[in-house]
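Colleague: Coordinates in structure11.cif, mmCIF, C-alpha atoms, are listed below.
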```cif
data_upload
loop_
_atom_site.group_PDB
_atom_site.id
_atom_site.type_symbol
_atom_site.label_atom_id
_atom_site.label_comp_id
_atom_site.auth_asym_id
_atom_site.auth_seq_id
_atom_site.Cartn_x
_atom_site.Cartn_y
_atom_site.Cartn_z
ATOM 1 C CA MET A 1 25.020 -4.225 29.011
ATOM 2 C CA ASP A 2 22.520 -7.013 29.791
ATOM 3 C CA ASP A 3 18.789 -6.942 29.065
ATOM 4 C CA PHE A 4 16.378 -8.885 31.240
ATOM 5 C CA PHE A 5 13.007 -10.303 30.334
ATOM 6 C CA LEU A 6 10.611 -10.119 33.277
ATOM 7 C CA ARG A 7 7.028 -11.330 33.574
ATOM 8 C CA SER A 8 4.276 -10.743 36.128
ATOM 9 C CA THR A 9 1.257 -13.001 36.518
ATOM 10 C CA ASP A 10 -0.395 -10.969 39.291
ATOM 11 C CA TYR A 11 -1.028 -7.649 37.521
ATOM 12 C CA GLY A 12 2.423 -6.257 38.289
ATOM 13 C CA LYS A 13 2.573 -6.933 42.028
ATOM 14 C CA THR A 14 5.548 -9.295 41.700
ATOM 15 C CA TRP A 15 7.976 -9.972 38.898
ATOM 16 C CA ALA A 16 10.126 -12.931 37.855
ATOM 17 C CA THR A 17 13.181 -12.775 35.589
ATOM 18 C CA LEU A 18 12.653 -15.434 32.936
ATOM 19 C CA ARG A 19 15.689 -14.808 30.776
ATOM 20 C CA THR A 20 18.823 -12.669 30.529
ATOM 21 C CA TRP A 21 20.288 -11.598 27.184
ATOM 22 C CA ARG A 22 23.977 -11.114 27.746
ATOM 23 C CA PHE A 23 25.642 -8.039 26.190
ATOM 24 C CA VAL A 24 22.392 -6.772 24.625
ATOM 25 C CA SER A 25 20.910 -3.358 25.460
ATOM 26 C CA ASP A 26 18.194 -0.941 24.307
ATOM 27 C CA GLY A 27 15.632 -3.745 24.293
ATOM 28 C CA SER A 28 12.291 -3.125 22.600
ATOM 29 C CA LEU A 29 9.446 -5.500 23.537
ATOM 30 C CA THR A 30 5.983 -5.629 21.968
ATOM 31 C CA ALA A 31 3.098 -8.066 21.672
ATOM 32 C CA GLY A 32 1.654 -9.319 18.425
ATOM 33 C CA ALA A 33 -1.604 -11.116 17.735
ATOM 34 C CA GLY A 34 -2.266 -14.402 19.478
ATOM 35 C CA SER A 35 0.462 -15.406 21.930
ATOM 36 C CA TYR A 36 3.406 -13.873 20.027
ATOM 37 C CA LEU A 37 6.013 -11.563 21.599
ATOM 38 C CA TYR A 38 8.731 -9.705 19.720
ATOM 39 C CA MET A 39 11.956 -8.129 20.992
ATOM 40 C CA ALA A 40 14.952 -6.353 19.464
ATOM 41 C CA GLY A 41 18.208 -5.119 20.983
ATOM 42 C CA ARG A 42 21.757 -4.168 20.042
ATOM 43 C CA PRO A 43 25.125 -5.402 21.338
ATOM 44 C CA GLY A 44 26.614 -1.902 21.292
ATOM 45 C CA PHE A 45 30.260 -2.920 21.638
ATOM 46 C CA SER A 46 33.029 -3.229 19.057
ATOM 47 C CA PRO A 47 33.156 -5.033 16.663
ATOM 48 C CA ALA A 48 29.390 -5.599 16.804
ATOM 49 C CA ASN A 49 28.224 -1.960 16.798
ATOM 50 C CA GLY A 50 26.260 -2.556 13.592
ATOM 51 C CA GLN A 51 24.507 -5.684 14.812
ATOM 52 C CA LEU A 52 20.844 -6.163 15.718
ATOM 53 C CA ASN A 53 19.443 -9.038 17.758
ATOM 54 C CA MET A 54 15.825 -9.979 16.944
ATOM 55 C CA LEU A 55 13.885 -12.391 19.137
ATOM 56 C CA VAL A 56 10.460 -13.970 18.700
ATOM 57 C CA ASN A 57 8.475 -15.940 21.248
ATOM 58 C CA ARG A 58 5.360 -17.787 20.099
ATOM 59 C CA PHE A 59 4.051 -18.731 23.548
ATOM 60 C CA TRP A 60 3.599 -15.641 25.789
ATOM 61 C CA GLY A 61 7.305 -15.434 26.620
ATOM 62 C CA HIS A 62 7.780 -19.007 27.830
ATOM 63 C CA PRO A 63 11.514 -19.447 28.559
ATOM 64 C CA ASP A 64 11.918 -22.347 26.110
ATOM 65 C CA SER A 65 10.031 -20.686 23.255
ATOM 66 C CA TRP A 66 12.416 -17.938 22.107
ATOM 67 C CA SER A 67 14.050 -17.952 18.675
ATOM 68 C CA GLU A 68 16.795 -15.461 17.842
ATOM 69 C CA ALA A 69 18.105 -13.968 14.612
ATOM 70 C CA ILE A 70 21.217 -11.780 14.420
ATOM 71 C CA VAL A 71 21.446 -9.323 11.537
ATOM 72 C CA ALA A 72 24.324 -6.941 10.802
ATOM 73 C CA PRO A 73 23.213 -4.351 8.205
ATOM 74 C CA ASP A 74 26.886 -3.267 8.020
ATOM 75 C CA THR A 75 29.681 -2.499 10.481
ATOM 76 C CA PHE A 76 28.531 1.015 11.434
ATOM 77 C CA THR A 77 26.781 1.836 14.689
ATOM 78 C CA VAL A 78 23.052 1.261 15.133
ATOM 79 C CA MET A 79 21.024 2.746 17.991
ATOM 80 C CA ASP A 80 17.535 2.685 19.486
ATOM 81 C CA PRO A 81 15.967 -0.322 17.724
ATOM 82 C CA VAL A 82 12.179 -0.639 17.927
ATOM 83 C CA MET A 83 10.586 -3.901 16.754
ATOM 84 C CA VAL A 84 6.859 -4.356 16.007
ATOM 85 C CA PRO A 85 4.581 -6.692 14.028
ATOM 86 C CA SER A 86 1.405 -5.953 12.117
ATOM 87 C CA PHE A 87 -1.504 -7.103 14.259
ATOM 88 C CA VAL A 88 -3.004 -9.775 12.000
ATOM 89 C CA SER A 89 -4.195 -13.343 12.390
ATOM 90 C CA PRO A 90 -2.864 -15.925 12.081
ATOM 91 C CA PRO A 91 0.135 -14.339 13.836
ATOM 92 C CA GLU A 92 2.629 -16.369 11.810
ATOM 93 C CA SER A 93 1.569 -14.345 8.748
ATOM 94 C CA ALA A 94 2.526 -11.010 10.354
ATOM 95 C CA VAL A 95 5.011 -8.698 8.695
ATOM 96 C CA VAL A 96 7.483 -7.412 11.306
ATOM 97 C CA TRP A 97 9.583 -4.251 11.141
ATOM 98 C CA VAL A 98 12.638 -3.124 13.137
ATOM 99 C CA LEU A 99 13.224 0.638 12.944
ATOM 100 C CA TYR A 100 16.594 1.969 14.110
ATOM 101 C CA SER A 101 19.036 4.893 13.860
ATOM 102 C CA HIS A 102 22.156 4.273 11.792
ATOM 103 C CA ASP A 103 25.479 6.119 11.582
ATOM 104 C CA TYR A 104 25.878 6.359 7.799
ATOM 105 C CA ASN A 105 29.335 5.081 6.831
ATOM 106 C CA GLY A 106 30.656 6.175 10.224
ATOM 107 C CA THR A 107 30.320 9.863 9.291
ATOM 108 C CA ASP A 108 28.111 10.876 12.275
ATOM 109 C CA ASP A 109 25.287 11.493 9.779
ATOM 110 C CA TRP A 110 22.403 9.635 11.443
ATOM 111 C CA ASP A 111 19.653 8.162 9.295
ATOM 112 C CA MET A 112 16.499 6.144 9.943
ATOM 113 C CA GLN A 113 16.728 2.615 8.568
ATOM 114 C CA TYR A 114 14.625 -0.500 8.972
ATOM 115 C CA LEU A 115 14.627 -4.230 8.398
ATOM 116 C CA TYR A 116 11.490 -6.259 7.782
ATOM 117 C CA SER A 117 10.376 -9.872 7.929
ATOM 118 C CA THR A 118 7.447 -11.403 6.042
ATOM 119 C CA ASP A 119 7.389 -14.609 8.113
ATOM 120 C CA ALA A 120 6.872 -13.294 11.657
ATOM 121 C CA GLY A 121 10.565 -12.779 12.357
ATOM 122 C CA SER A 122 12.082 -16.029 11.085
ATOM 123 C CA THR A 123 14.066 -14.404 8.252
ATOM 124 C CA TRP A 124 14.975 -10.767 7.626
ATOM 125 C CA SER A 125 15.527 -8.401 4.729
ATOM 126 C CA GLY A 126 18.555 -6.227 4.165
ATOM 127 C CA ALA A 127 18.646 -2.624 5.386
ATOM 128 C CA GLU A 128 16.142 -0.162 3.902
ATOM 129 C CA PHE A 129 16.092 3.646 4.301
ATOM 130 C CA LEU A 130 13.066 5.372 5.803
ATOM 131 C CA ALA A 131 14.863 8.754 5.934
ATOM 132 C CA GLY A 132 18.421 9.673 4.984
ATOM 133 C CA GLU A 133 19.071 13.343 4.286
ATOM 134 C CA SER A 134 22.789 14.168 4.144
ATOM 135 C CA ASP A 135 22.315 17.624 5.715
ATOM 136 C CA ALA A 136 20.243 16.484 8.718
ATOM 137 C CA ASP A 137 20.323 13.826 11.412
ATOM 138 C CA GLU A 138 17.229 11.608 11.559
ATOM 139 C CA ARG A 139 17.040 9.875 14.932
ATOM 140 C CA PHE A 140 14.928 8.714 17.879
ATOM 141 C CA GLY A 141 12.284 6.746 16.005
ATOM 142 C CA ASP A 142 9.068 5.134 17.119
ATOM 143 C CA ILE A 143 7.040 2.568 15.193
ATOM 144 C CA LYS A 144 3.649 1.149 16.172
ATOM 145 C CA PRO A 145 0.895 -1.058 14.772
ATOM 146 C CA TYR A 146 -2.801 -0.875 15.437
ATOM 147 C CA THR A 147 -3.663 -3.568 17.976
ATOM 148 C CA ASP A 148 -6.900 -4.382 16.196
ATOM 149 C CA PRO A 149 -7.256 -7.933 14.791
ATOM 150 C CA GLY A 150 -6.696 -7.883 11.046
ATOM 151 C CA ASN A 151 -5.487 -4.270 10.832
ATOM 152 C CA PRO A 152 -2.341 -4.357 8.643
ATOM 153 C CA TRP A 153 -1.253 -0.707 8.954
ATOM 154 C CA MET A 154 2.037 0.433 10.464
ATOM 155 C CA ASN A 155 3.142 3.971 11.398
ATOM 156 C CA ALA A 156 6.660 5.297 12.031
ATOM 157 C CA SER A 157 7.897 8.620 13.408
ATOM 158 C CA TYR A 158 11.252 10.275 14.134
ATOM 159 C CA ILE A 159 12.948 13.635 14.692
ATOM 160 C CA SER A 160 14.924 15.352 11.949
ATOM 161 C CA GLU A 161 17.595 17.346 13.736
ATOM 162 C CA GLU A 162 18.114 20.521 11.743
ATOM 163 C CA SER A 163 18.130 24.094 12.997
ATOM 164 C CA TYR A 164 14.378 23.542 13.157
ATOM 165 C CA ARG A 165 13.755 20.141 14.756
ATOM 166 C CA THR A 166 10.954 18.513 12.849
ATOM 167 C CA VAL A 167 8.785 15.565 13.848
ATOM 168 C CA PHE A 168 7.986 13.420 10.804
ATOM 169 C CA ARG A 169 5.560 10.537 10.355
ATOM 170 C CA HIS A 170 5.004 7.895 7.657
ATOM 171 C CA TYR A 171 2.627 4.966 7.269
ATOM 172 C CA CYS A 172 2.831 1.622 5.483
ATOM 173 C CA ASN A 173 0.689 -1.460 4.794
ATOM 174 C CA GLN A 174 2.010 -4.960 5.426
ATOM 175 C CA ALA A 175 1.079 -5.936 1.859
ATOM 176 C CA THR A 176 3.861 -3.585 0.664
ATOM 177 C CA PRO A 177 6.338 -3.400 3.599
ATOM 178 C CA THR A 178 8.816 -1.118 1.802
ATOM 179 C CA SER A 179 6.216 1.294 0.366
ATOM 180 C CA TRP A 180 5.991 4.078 2.946
ATOM 181 C CA SER A 181 3.852 7.182 2.534
ATOM 182 C CA ASP A 182 5.238 10.601 1.753
ATOM 183 C CA THR A 183 6.750 12.486 4.676
ATOM 184 C CA LEU A 184 4.146 14.165 6.871
ATOM 185 C CA ARG A 185 5.324 16.934 9.193
ATOM 186 C CA ILE A 186 3.620 16.764 12.572
ATOM 187 C CA ASN A 187 4.848 19.892 14.349
ATOM 188 C CA SER A 188 4.487 23.595 13.608
ATOM 189 C CA ASN A 189 6.976 24.660 16.288
ATOM 190 C CA SER A 190 10.485 23.308 16.825
ATOM 191 C CA ALA A 191 10.687 20.065 18.787
ATOM 192 C CA GLY A 192 13.163 19.067 21.453
ATOM 193 C CA THR A 193 15.575 16.257 20.810
ATOM 194 C CA GLY A 194 17.312 13.413 22.560
ATOM 195 C CA GLU A 195 16.608 9.797 23.367
ATOM 196 C CA ALA A 196 14.405 10.718 26.305
ATOM 197 C CA VAL A 197 12.107 12.942 24.232
ATOM 198 C CA ARG A 198 11.652 10.912 21.046
ATOM 199 C CA PRO A 199 8.233 11.503 19.434
ATOM 200 C CA LEU A 200 5.775 8.807 20.490
ATOM 201 C CA LEU A 201 3.007 7.595 18.196
ATOM 202 C CA VAL A 202 -0.528 7.717 19.538
ATOM 203 C CA TYR A 203 -3.686 6.228 18.034
ATOM 204 C CA SER A 204 -7.261 7.410 18.308
ATOM 205 C CA PRO A 205 -9.773 4.623 19.037
ATOM 206 C CA GLY A 206 -11.626 3.722 15.856
ATOM 207 C CA ALA A 207 -9.375 5.814 13.605
ATOM 208 C CA ALA A 208 -8.043 4.381 10.364
ATOM 209 C CA GLY A 209 -4.668 2.664 10.315
ATOM 210 C CA THR A 210 -3.064 5.645 8.623
ATOM 211 C CA GLY A 211 -4.289 8.075 11.271
ATOM 212 C CA ALA A 212 -1.573 8.050 13.918
ATOM 213 C CA GLY A 213 -0.592 11.252 15.677
ATOM 214 C CA CYS A 214 2.491 12.055 17.744
ATOM 215 C CA VAL A 215 3.211 13.323 21.228
ATOM 216 C CA PHE A 216 6.487 15.263 21.409
ATOM 217 C CA VAL A 217 8.414 17.641 23.663
ATOM 218 C CA GLY A 218 8.989 21.207 22.505
ATOM 219 C CA GLU A 219 12.231 23.088 21.993
ATOM 220 C CA GLY A 220 14.279 23.605 25.128
ATOM 221 C CA LEU A 221 12.402 20.702 26.718
ATOM 222 C CA GLN A 222 9.490 23.073 27.318
ATOM 223 C CA ASN A 223 5.891 21.854 27.052
ATOM 224 C CA VAL A 224 4.437 18.660 25.632
ATOM 225 C CA TYR A 225 2.511 18.762 22.344
ATOM 226 C CA PHE A 226 0.154 16.460 20.472
ATOM 227 C CA ASN A 227 -0.774 16.691 16.815
ATOM 228 C CA SER A 228 -2.232 14.330 14.242
ATOM 229 C CA PRO A 229 -3.424 14.262 10.615
ATOM 230 C CA TRP A 230 -7.090 14.235 11.540
ATOM 231 C CA LEU A 231 -6.783 17.168 13.962
ATOM 232 C CA THR A 232 -4.778 19.133 11.405
ATOM 233 C CA GLY A 233 -7.403 18.424 8.773
ATOM 234 C CA VAL A 234 -10.282 19.556 10.959
ATOM 235 C CA ALA A 235 -8.496 22.797 11.826
ATOM 236 C CA GLU A 236 -7.593 23.617 8.227
ATOM 237 C CA GLN A 237 -10.968 22.851 6.708
ATOM 238 C CA THR A 238 -12.342 26.218 7.922
ATOM 239 C CA ARG A 239 -10.108 28.239 5.581
ATOM 240 C CA THR A 240 -11.929 30.542 3.169
ATOM 241 C CA GLY A 241 -11.029 33.282 0.728
ATOM 242 C CA PRO A 242 -7.517 33.661 -0.751
ATOM 243 C CA ASP A 243 -5.946 31.490 1.943
ATOM 244 C CA ALA A 244 -8.096 28.535 0.900
ATOM 245 C CA GLY A 245 -5.571 27.865 -1.891
ATOM 246 C CA PHE A 246 -8.135 26.321 -4.245
ATOM 247 C CA SER A 247 -11.874 26.109 -4.848
ATOM 248 C CA MET A 248 -14.178 23.164 -5.518
ATOM 249 C CA ALA A 249 -17.731 22.829 -6.748
ATOM 250 C CA PRO A 250 -20.255 21.545 -6.185
ATOM 251 C CA ASN A 251 -19.869 20.932 -2.453
ATOM 252 C CA PRO A 252 -21.704 18.888 -1.182
ATOM 253 C CA VAL A 253 -21.441 16.703 -4.260
ATOM 254 C CA GLY A 254 -23.294 13.650 -5.482
ATOM 255 C CA GLU A 255 -21.152 12.724 -8.475
ATOM 256 C CA ALA A 256 -18.117 14.552 -9.919
ATOM 257 C CA VAL A 257 -16.480 17.534 -8.209
ATOM 258 C CA ARG A 258 -14.286 20.041 -10.040
ATOM 259 C CA PHE A 259 -11.276 21.703 -8.399
ATOM 260 C CA THR A 260 -9.860 25.050 -9.517
ATOM 261 C CA LEU A 261 -6.389 25.953 -8.291
ATOM 262 C CA PRO A 262 -3.347 28.013 -9.292
ATOM 263 C CA ARG A 263 -1.243 26.664 -12.142
ATOM 264 C CA VAL A 264 1.894 25.658 -10.252
ATOM 265 C CA ALA A 265 4.033 22.814 -11.572
ATOM 266 C CA GLY A 266 4.439 19.978 -9.094
ATOM 267 C CA SER A 267 1.115 20.571 -7.345
ATOM 268 C CA ARG A 268 -1.153 17.739 -6.298
ATOM 269 C CA LEU A 269 -4.450 17.225 -4.543
ATOM 270 C CA VAL A 270 -4.891 14.482 -1.979
ATOM 271 C CA VAL A 271 -8.342 13.389 -0.806
ATOM 272 C CA CYS A 272 -8.326 11.866 2.712
ATOM 273 C CA ASP A 273 -11.010 10.653 5.072
ATOM 274 C CA VAL A 274 -11.356 12.423 8.420
ATOM 275 C CA ALA A 275 -8.957 9.924 10.041
ATOM 276 C CA GLY A 276 -6.161 11.000 7.679
ATOM 277 C CA ARG A 277 -6.272 7.928 5.415
ATOM 278 C CA GLU A 278 -5.471 8.755 1.794
ATOM 279 C CA ILE A 279 -8.345 7.916 -0.568
ATOM 280 C CA VAL A 280 -6.955 9.136 -3.875
ATOM 281 C CA ARG A 281 -4.162 11.377 -5.160
ATOM 282 C CA LEU A 282 -4.796 13.697 -8.116
ATOM 283 C CA ALA A 283 -2.152 15.393 -10.256
ATOM 284 C CA ALA A 284 -3.059 19.076 -10.239
ATOM 285 C CA ASP A 285 -1.769 21.874 -12.475
ATOM 286 C CA GLY A 286 -4.735 24.145 -12.993
ATOM 287 C CA ASP A 287 -8.199 22.564 -13.030
ATOM 288 C CA VAL A 288 -8.886 18.899 -12.269
ATOM 289 C CA SER A 289 -12.021 16.845 -11.597
ATOM 290 C CA TRP A 290 -12.745 13.755 -9.485
ATOM 291 C CA ASN A 291 -15.620 11.329 -10.002
ATOM 292 C CA ARG A 292 -15.341 9.951 -6.417
ATOM 293 C CA VAL A 293 -13.587 6.733 -7.478
ATOM 294 C CA ASP A 294 -10.883 5.834 -4.950
ATOM 295 C CA ALA A 295 -7.357 4.531 -5.603
ATOM 296 C CA LEU A 296 -8.657 0.929 -5.710
ATOM 297 C CA GLY A 297 -11.330 1.723 -8.290
ATOM 298 C CA ASN A 298 -14.199 1.707 -5.804
ATOM 299 C CA ARG A 299 -16.812 4.424 -5.387
ATOM 300 C CA ALA A 300 -15.984 6.511 -2.298
ATOM 301 C CA PRO A 301 -18.912 6.281 0.155
ATOM 302 C CA ALA A 302 -20.892 9.250 1.378
ATOM 303 C CA GLY A 303 -19.309 11.200 4.201
ATOM 304 C CA VAL A 304 -16.939 14.018 5.092
ATOM 305 C CA TYR A 305 -13.502 14.154 3.458
ATOM 306 C CA ILE A 306 -10.498 16.471 3.652
ATOM 307 C CA VAL A 307 -8.983 17.692 0.367
ATOM 308 C CA ARG A 308 -5.376 18.817 0.687
ATOM 309 C CA LEU A 309 -3.448 20.918 -1.780
ATOM 310 C CA VAL A 310 0.294 20.302 -1.709
ATOM 311 C CA SER A 311 2.386 22.538 -3.933
ATOM 312 C CA PRO A 312 5.890 24.069 -3.974
ATOM 313 C CA GLU A 313 4.363 27.438 -3.067
ATOM 314 C CA LYS A 314 1.760 26.655 -0.402
ATOM 315 C CA SER A 315 -0.340 24.001 1.291
ATOM 316 C CA ALA A 316 -4.019 24.212 2.126
ATOM 317 C CA ALA A 317 -6.953 21.976 3.017
ATOM 318 C CA GLN A 318 -10.733 22.164 2.807
ATOM 319 C CA ARG A 319 -13.676 19.971 3.715
ATOM 320 C CA LEU A 320 -15.593 18.099 1.010
ATOM 321 C CA VAL A 321 -18.939 16.400 1.637
ATOM 322 C CA LEU A 322 -19.953 13.440 -0.543
ATOM 323 C CA ARG A 323 -23.680 12.671 -0.597
#
```
Give the structure from this file in structure tokens form.
Modeller:
Amino acid sequence: MDDFFLRSTDYGKTWATLRTWRFVSDGSLTAGAGSYLYMAGRPGFSPANGQLNMLVNRFWGHPDSWSEAIVAPDTFTVMDPVMVPSFVSPPESAVVWVLYSHDYNGTDDWDMQYLYSTDAGSTWSGAEFLAGESDADERFGDIKPYTDPGNPWMNASYISEESYRTVFRHYCNQATPTSWSDTLRINSNSAGTGEAVRPLLVYSPGAAGTGAGCVFVGEGLQNVYFNSPWLTGVAEQTRTGPDAGFSMAPNPVGEAVRFTLPRVAGSRLVVCDVAGREIVRLAADGDVSWNRVDALGNRAPAGVYIVRLVSPEKSAAQRLVLR
């Protein structure tokens, strides 16, 4: 049940064990900005099944520089913790998340929960839900930051184990660590499941912080797949005719663009950049217009954007060019 912290100073040729954490397993180790390292694990034995051990080292893993916090969200089993910071400077200002699977009230209904810290791992919040459907098990999560200085975005993924195993992804900004995006489905075919085939987040160099994709194993442990918001957007932008779902004019546009779509209650339009980052969300029940002002009140710059229609009846996407 022990986890060992090893370090190599010769590019992996030799390794030294610097510290042993007794009775802790499933260790997750990641680097933050500067010289910070972060690690999480779980005891995994009664009566500490619901306990998480969080460790922070501010000096490249030096043996005398670890601080530890123990948090017990409740008494029910936690599994597969993954701990990561936002990659910002100074590193002591980083928001840190720990994503883990949780056995809800001991009912074998697995949910995705997380804890977060706003002081680089010194103190921790209570448990928060990322996903918790009562008729599905949400497990095998991954969570990753961008390792670009000053980039505050965080992405999380997991598998929802229904008859159709779905890979889901969310994103969040460190300024609002509990405000995660709507669920985004990554896969169009059923995924495999199990700890060994959890979906892994992948970033594209230069993509926006909300643009993570996932690598996952298919059903029956057959084939490996990759999908992402920006690839999905590029593929869907070629739709024309009835399958387009909505129309917009003018396109390209210099000022305001008008969208015409079916009158379906609960519909919305989302304008994203080509990296998948949401620019603005528009309530849509019939016709709606947009004067290219983003969610922060700024004028959206010229470029290519993806407009997505999300409605109870169908989803569609098209390309919009701003001049």
Colleague: Just the number, please: distance in Å from CA of Tyr11 in chain A to CA of Lys144 in chain A, one decimal.
Modeller: 23.6 Å
Colleague: Can you tell me, as a PyMOL selection string, what residues are no more than 12 Å from Asp3 in chain A when counting only C-alpha atoms, ignoring any on the same chain fewer than 5 positions away?
Modeller: chain A and resi 17-29+39-43+53
Colleague: Which neighbours of range 291-301 of chain A fall inside 10 Å, counting only C-alpha atoms, when residues of the same chain fewer than 2 positions from it are skipped, and could you give them as a PDB file with C-alpha atoms, keeping the file's coordinate frame?
Modeller:
```pdb
ATOM      1  CA  VAL A 253     -21.441  16.703  -4.260  1.00  0.00           C
ATOM      2  CA  GLY A 254     -23.294  13.650  -5.482  1.00  0.00           C
ATOM      3  CA  GLU A 255     -21.152  12.724  -8.475  1.00  0.00           C
ATOM      4  CA  ALA A 256     -18.117  14.552  -9.919  1.00  0.00           C
ATOM      5  CA  VAL A 257     -16.480  17.534  -8.209  1.00  0.00           C
ATOM      6  CA  ARG A 258     -14.286  20.041 -10.040  1.00  0.00           C
ATOM      7  CA  VAL A 271      -8.342  13.389  -0.806  1.00  0.00           C
ATOM      8  CA  ASP A 273     -11.010  10.653   5.072  1.00  0.00           C
ATOM      9  CA  GLU A 278      -5.471   8.755   1.794  1.00  0.00           C
ATOM     10  CA  ILE A 279      -8.345   7.916  -0.568  1.00  0.00           C
ATOM     11  CA  VAL A 280      -6.955   9.136  -3.875  1.00  0.00           C
ATOM     12  CA  ARG A 281      -4.162  11.377  -5.160  1.00  0.00           C
ATOM     13  CA  LEU A 282      -4.796  13.697  -8.116  1.00  0.00           C
ATOM     14  CA  SER A 289     -12.021  16.845 -11.597  1.00  0.00           C
ATOM     15  CA  GLY A 303     -19.309  11.200   4.201  1.00  0.00           C
ATOM     16  CA  VAL A 304     -16.939  14.018   5.092  1.00  0.00           C
ATOM     17  CA  TYR A 305     -13.502  14.154   3.458  1.00  0.00           C
ATOM     18  CA  LEU A 322     -19.953  13.440  -0.543  1.00  0.00           C
ATOM     19  CA  ARG A 323     -23.680  12.671  -0.597  1.00  0.00           C
TER      20      ARG A 323
END
```
Colleague: Applying the PyMOL selection byres ((chain A and resi 186) around 6) to the file I just gave you, which residues come out? Please list them as a PyMOL selection string.
Modeller: chain A and resi 167-168+185+187
Colleague: List the residues selected by the PyMOL selection byres ((chain A and resi 308) around 7) in the file shown, writing them as a PyMOL selection string.
Modeller: chain A and resi 269-271+306-307+309-310+316-318
